[in-house]
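Participant: Here it is: the structure, laid out below.
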Amino acid sequence: MPIRLILIAVLAVLSMSLVPVLIKSTSANEVSIGIFRLAIALIIISPLVFYKKLLSALSRQQLLGLFYIGFCFGLHWLSYFYSIKTAGAALAAIAVSTYGAHLILLNALFKGYRVSLSECLAIAVCIGGCVLVSPKVNWQEASSIGLISGLISAVLYAAMPLLHQRVGELPTLTRTWGQFAFALLVFLLFFSEFEMPKTTLDWQQLLALAIVCTLLAHGLWVKASTELPALFTAMIYYLYVPLAMLSSYYFLKEEIGLKMMLGAALIILANMSLALLQWRRQKS
């Protein structure tokens with residue numbers, strides 16, 4: 001296995017771990033963040049895509065596949081941004097980290113994957129971790145709704161590898177462009193809520209989100225998650241949670257209590273166990 005792919009995955013996760021803090025700290029709303037990030041990324045990569053004529057040879061089925069990827073990605077981002085704004089950067093990152101358990105369940109639902117007893121136990125541990133990190137349920141409080149939004153975002157994120165694999169024959173650049181372009185359409189549905197950045201700091205934060213955390217991070221992650229075995233991408237991805245928690249504690253002064261750390265540890269352990277169980281099943 002090329003060490004280059006592992007390094008690409010690590011760099012992608014390091015870049016993505018900046019997202020919760022940058023989104024929480026900017027005064028821009030969720031729609032503005034999404035439109036700005038996607039538009040900047042597309043402006044940068046579209047000339048190369050059109051120069052190489054990567055879209056001209058797409059079949060109708062491949063184009064539809066790119067639409068599904070982008071639509072799912074757009075909803076994932078929208079729900080994740082809302083979760084960060086309402087539940088906090090650390091809790092939103094923890095919620096999205098449950099995606100490994102959702103990936104198993106989606107495989108069972110759509111691909112006939114048979115979930116073993118060990119995997120059921122790991123999913124139960126993941127649910128226990130979610131209960132630990134959950135604030136006291138109160139539908140009048142934004143944090144409860146934000147956590148639910150983060151879990152929905154995790155389901156959508158878990159669907160992404162399955163959708164990418166359906167058009168895995170396409171180059172990484174083509175799939176990245178399709179993911180961003182069709183996700184932008186999702187955000188444009190809410191264009192009436194778009195606001196231009198108000199301060200120099202907002203501009204800097206949005207540019208960092210667009211170039212480092214979108215173009216660089218997701219482009220690298222699309223390549224790594226498509227070409228690396230699921231076990232390795234899962235192990236590397238879960239660096240995201242402690243990095244995001246540390247940055248939210250240091251930069252945003254969010255409270256990271258023992259209960260939250262224990263819950264996050266259970267969620268990470270459960271999802272890494274699921275990845276290992278899947279890898280062993282494929283080897284047998």
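Ordering of the structure tokens sets the chain letters (A, B, ...), residue numbers begin anew at 1 in every chain, and ligands are numbered from 1 in the order given.
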Can you tell me, as a PyMOL selection string, what residues are no more than 8 Å from Ile127 in chain A when counting only C-alpha atoms, ignoring any on the same chain fewer than 4 positions away?
Facilitator: chain A and resi 123+131+267
Participant: Can you write out the residues you just picked, keeping N, CA, C and O atoms, as a CSV table (one decimal), in the first residue's frame?
Facilitator:
```
chain,number,residue,atom,x,y,z
A,123,ILE,N,-22.0,-1.0,17.5
A,123,ILE,CA,-23.0,0.0,17.3
A,123,ILE,C,-23.7,0.4,18.6
A,123,ILE,O,-23.9,1.6,18.8
A,131,VAL,N,-25.2,9.0,23.8
A,131,VAL,CA,-26.0,9.4,25.0
A,131,VAL,C,-25.2,10.1,26.0
A,131,VAL,O,-25.7,11.1,26.6
A,267,ILE,N,-17.4,6.5,21.2
A,267,ILE,CA,-17.8,6.6,19.8
A,267,ILE,C,-16.6,6.3,18.8
A,267,ILE,O,-16.8,5.5,17.9
```
Participant: Pull the closest atom pair for each residue of range 153-246 of chain A that gets at most 8 Å from range 96-114 of chain A, along with the distance in Å to one decimal, counting only C-alpha atoms, ordering rows by chain and then ascending residue number, as a Markdown table.
Facilitator:
```
| residue | atom | partner | partner_atom | distance |
| --- | --- | --- | --- | --- |
| A:Ser153 | CA | A:Val96 | CA | 6.3 |
| A:Ala154 | CA | A:Val96 | CA | 4.4 |
| A:Val155 | CA | A:His102 | CA | 5.6 |
| A:Tyr157 | CA | A:Tyr99 | CA | 6.5 |
| A:Ala158 | CA | A:Leu103 | CA | 4.8 |
| A:Ala159 | CA | A:Leu103 | CA | 6.8 |
| A:Ala234 | CA | A:Gly100 | CA | 7.5 |
| A:Tyr238 | CA | A:Ser97 | CA | 7.1 |
| A:Val241 | CA | A:Ser97 | CA | 7.0 |
```
Participant: If we count only C-alpha atoms and set the cut-off at 6 Å, which residues sit around Ser83 in chain A, ignoring sequence neighbours fewer than 5 positions away in its own chain? Please answer as a PyMOL selection string.
Facilitator: chain A and resi 92+146+149-150
Participant: Write the selection just made, keeping N, CA and C atoms, as an mmCIF file, in the first residue's frame?
Facilitator:
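As a result, part20.cif now contains:
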```cif
data_model
loop_
_atom_site.group_PDB
_atom_site.id
_atom_site.type_symbol
_atom_site.label_atom_id
_atom_site.label_comp_id
_atom_site.auth_asym_id
_atom_site.auth_seq_id
_atom_site.Cartn_x
_atom_site.Cartn_y
_atom_site.Cartn_z
ATOM 1 N N ALA A 92 -20.508 18.975 17.642
ATOM 2 C CA ALA A 92 -20.840 18.703 16.241
ATOM 3 C C ALA A 92 -19.842 17.723 15.629
ATOM 4 N N GLY A 146 -29.190 20.863 17.497
ATOM 5 C CA GLY A 146 -27.897 20.848 16.816
ATOM 6 C C GLY A 146 -27.254 19.479 16.823
ATOM 7 N N SER A 149 -29.036 17.366 14.325
ATOM 8 C CA SER A 149 -28.587 17.781 12.989
ATOM 9 C C SER A 149 -27.218 17.190 12.666
ATOM 10 N N GLY A 150 -26.331 17.118 13.671
ATOM 11 C CA GLY A 150 -25.017 16.514 13.467
ATOM 12 C C GLY A 150 -25.110 15.034 13.157
#
```
Participant: Please list as a ChimeraX atom specification every residue within 12 Å of Gly219 in chain A, counting only C-alpha atoms and excluding residues in the same chain fewer than 3 positions away.
Facilitator: /A:8-9,11-13,15-16,41-42,45,171-180,210-216,222-226
Participant: For range 34-39 of chain A, list every protein, DNA or RNA residue within 8 Å, evaluated using only C-alpha atoms, and leave out those in the same chain fewer than 4 positions away; present the list as number ranges by chain.
Facilitator: A: 30, 43, 77-78, 180-181, 183-184, 187-188, 194, 206-207, 209-211, 214
Participant: Would you write out those residues with N, CA and C atoms, as a short mmCIF file (atom, residue, chain, number, x, y, z; two decimals), in the first residue's frame?
Facilitator:
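The file below, part_26.cif, is the result:
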```
data_model
loop_
_atom_site.label_atom_id
_atom_site.label_comp_id
_atom_site.auth_asym_id
_atom_site.auth_seq_id
_atom_site.Cartn_x
_atom_site.Cartn_y
_atom_site.Cartn_z
N GLU A 30 -24.80 29.80 7.83
CA GLU A 30 -24.52 28.51 7.19
C GLU A 30 -24.58 28.57 5.67
N ILE A 43 -14.32 27.97 -8.79
CA ILE A 43 -13.60 28.94 -9.61
C ILE A 43 -12.17 28.49 -9.85
N TRP A 77 -23.27 19.06 4.36
CA TRP A 77 -22.66 20.32 4.80
C TRP A 77 -23.67 21.22 5.50
N LEU A 78 -24.84 21.36 4.92
CA LEU A 78 -25.85 22.25 5.49
C LEU A 78 -26.21 21.83 6.91
N PHE A 180 -18.72 19.28 -5.72
CA PHE A 180 -18.83 20.70 -5.36
C PHE A 180 -19.92 21.41 -6.17
N ALA A 181 -19.99 21.12 -7.47
CA ALA A 181 -20.93 21.84 -8.34
C ALA A 181 -22.38 21.55 -7.97
N ALA A 183 -23.42 20.29 -5.12
CA ALA A 183 -23.66 20.74 -3.74
C ALA A 183 -24.00 22.23 -3.72
N LEU A 184 -23.35 22.99 -4.61
CA LEU A 184 -23.63 24.43 -4.69
C LEU A 184 -25.09 24.68 -5.03
N PHE A 187 -27.21 24.74 -1.91
CA PHE A 187 -27.11 25.99 -1.15
C PHE A 187 -27.79 27.14 -1.87
N LEU A 188 -27.78 27.12 -3.21
CA LEU A 188 -28.41 28.20 -3.96
C LEU A 188 -29.93 28.20 -3.79
N PHE A 194 -28.20 34.47 1.81
CA PHE A 194 -26.77 34.73 1.61
C PHE A 194 -26.42 36.15 2.02
N LEU A 206 -13.30 32.68 5.75
CA LEU A 206 -14.01 32.05 4.64
C LEU A 206 -13.05 31.60 3.54
N LEU A 207 -12.01 32.39 3.30
CA LEU A 207 -11.01 31.99 2.31
C LEU A 207 -10.26 30.74 2.77
N LEU A 209 -11.49 28.46 4.77
CA LEU A 209 -12.46 27.38 4.63
C LEU A 209 -12.56 26.92 3.17
N ALA A 210 -12.54 27.88 2.25
CA ALA A 210 -12.72 27.56 0.84
C ALA A 210 -11.50 26.85 0.24
N ILE A 211 -10.31 27.38 0.54
CA ILE A 211 -9.11 26.86 -0.13
C ILE A 211 -8.50 25.69 0.62
N THR A 214 -11.72 23.08 1.97
CA THR A 214 -12.61 22.55 0.93
C THR A 214 -11.82 21.99 -0.24
#
```
Participant: Given only C-alpha atoms as the basis, pick out the residue of A:Cys130, A:Ile152, A:Ile69, A:Val10 nearest to Ile268 in chain A.
Facilitator: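 Once distances to Ile268 in chain A are computed over only C-alpha atoms, the minimum belongs to A:Cys130.
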Participant: Choose the residue, out of A:Ala264, A:Leu147, A:Thr26, A:Ser79, that has the smallest atom-to-atom separation from Val125 in chain A; count only C-alpha atoms.
Facilitator: A:Ala264
Participant: Please identify the helix (DSSP H, G or I) residues within range 70-159 of chain A (assignment by DSSP from backbone atoms) and present them as an MDAnalysis selection string.
Facilitator: chainID A and resid 70:87 89:96 99:111 117:133 142:159
Participant: Quick one: everything within 8 Å of Lys259 in chain A, counting only C-alpha atoms, minus sequence neighbours fewer than 4 positions away in the same chain. Send it as a VMD selection string.
Facilitator: chain A and resid 132 to 133 263
Participant: Work out how far CA of Leu170 in chain A is from CA of Glu227 in chain A, in Å to one decimal.
Facilitator: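 It comes out at 12.3 Å.
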Participant: Please provide the set of residues having any atom within 12 Å of Lys283 in chain A, restricted to only C-alpha atoms, with same-chain residues fewer than 4 positions apart removed, written as a list in words.
Facilitator: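 Using only C-alpha atoms, the neighbours found are Pro229, Leu231, Leu276, Leu277, Gln278 and Trp279 of chain A.
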Participant: Distance CA of Tyr237 in chain A-CA of Phe182 in chain A, one decimal place?
Facilitator: 24.3 Å
Participant: Select, from A:His164, A:Met235, A:Cys72, A:Leu201, the residue with the minimum atom-to-atom distance to Leu269 in chain A, counting only C-alpha atoms.
Facilitator: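 With only C-alpha atoms as the atom set, the closest residue is A:Met235.
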Participant: CA of Ile33 in chain A and CA of Tyr250 in chain A are how many Å apart?
Facilitator: 22.5 Å
Participant: Nearest to Val31 in chain A among A:Phe73, A:Tyr80, A:Phe190, A:Phe67, with distances taken over only C-alpha atoms: which residue is it?
Facilitator: A:Phe190
Participant: Which one of A:Leu162, A:Ile145, A:Leu121, A:Leu63 sits closest to Ile84 in chain A if you count only C-alpha atoms?
Facilitator: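 Of A:Leu162, A:Ile145, A:Leu121, A:Leu63, the one nearest Ile84 in chain A is A:Ile145, counting only C-alpha atoms.
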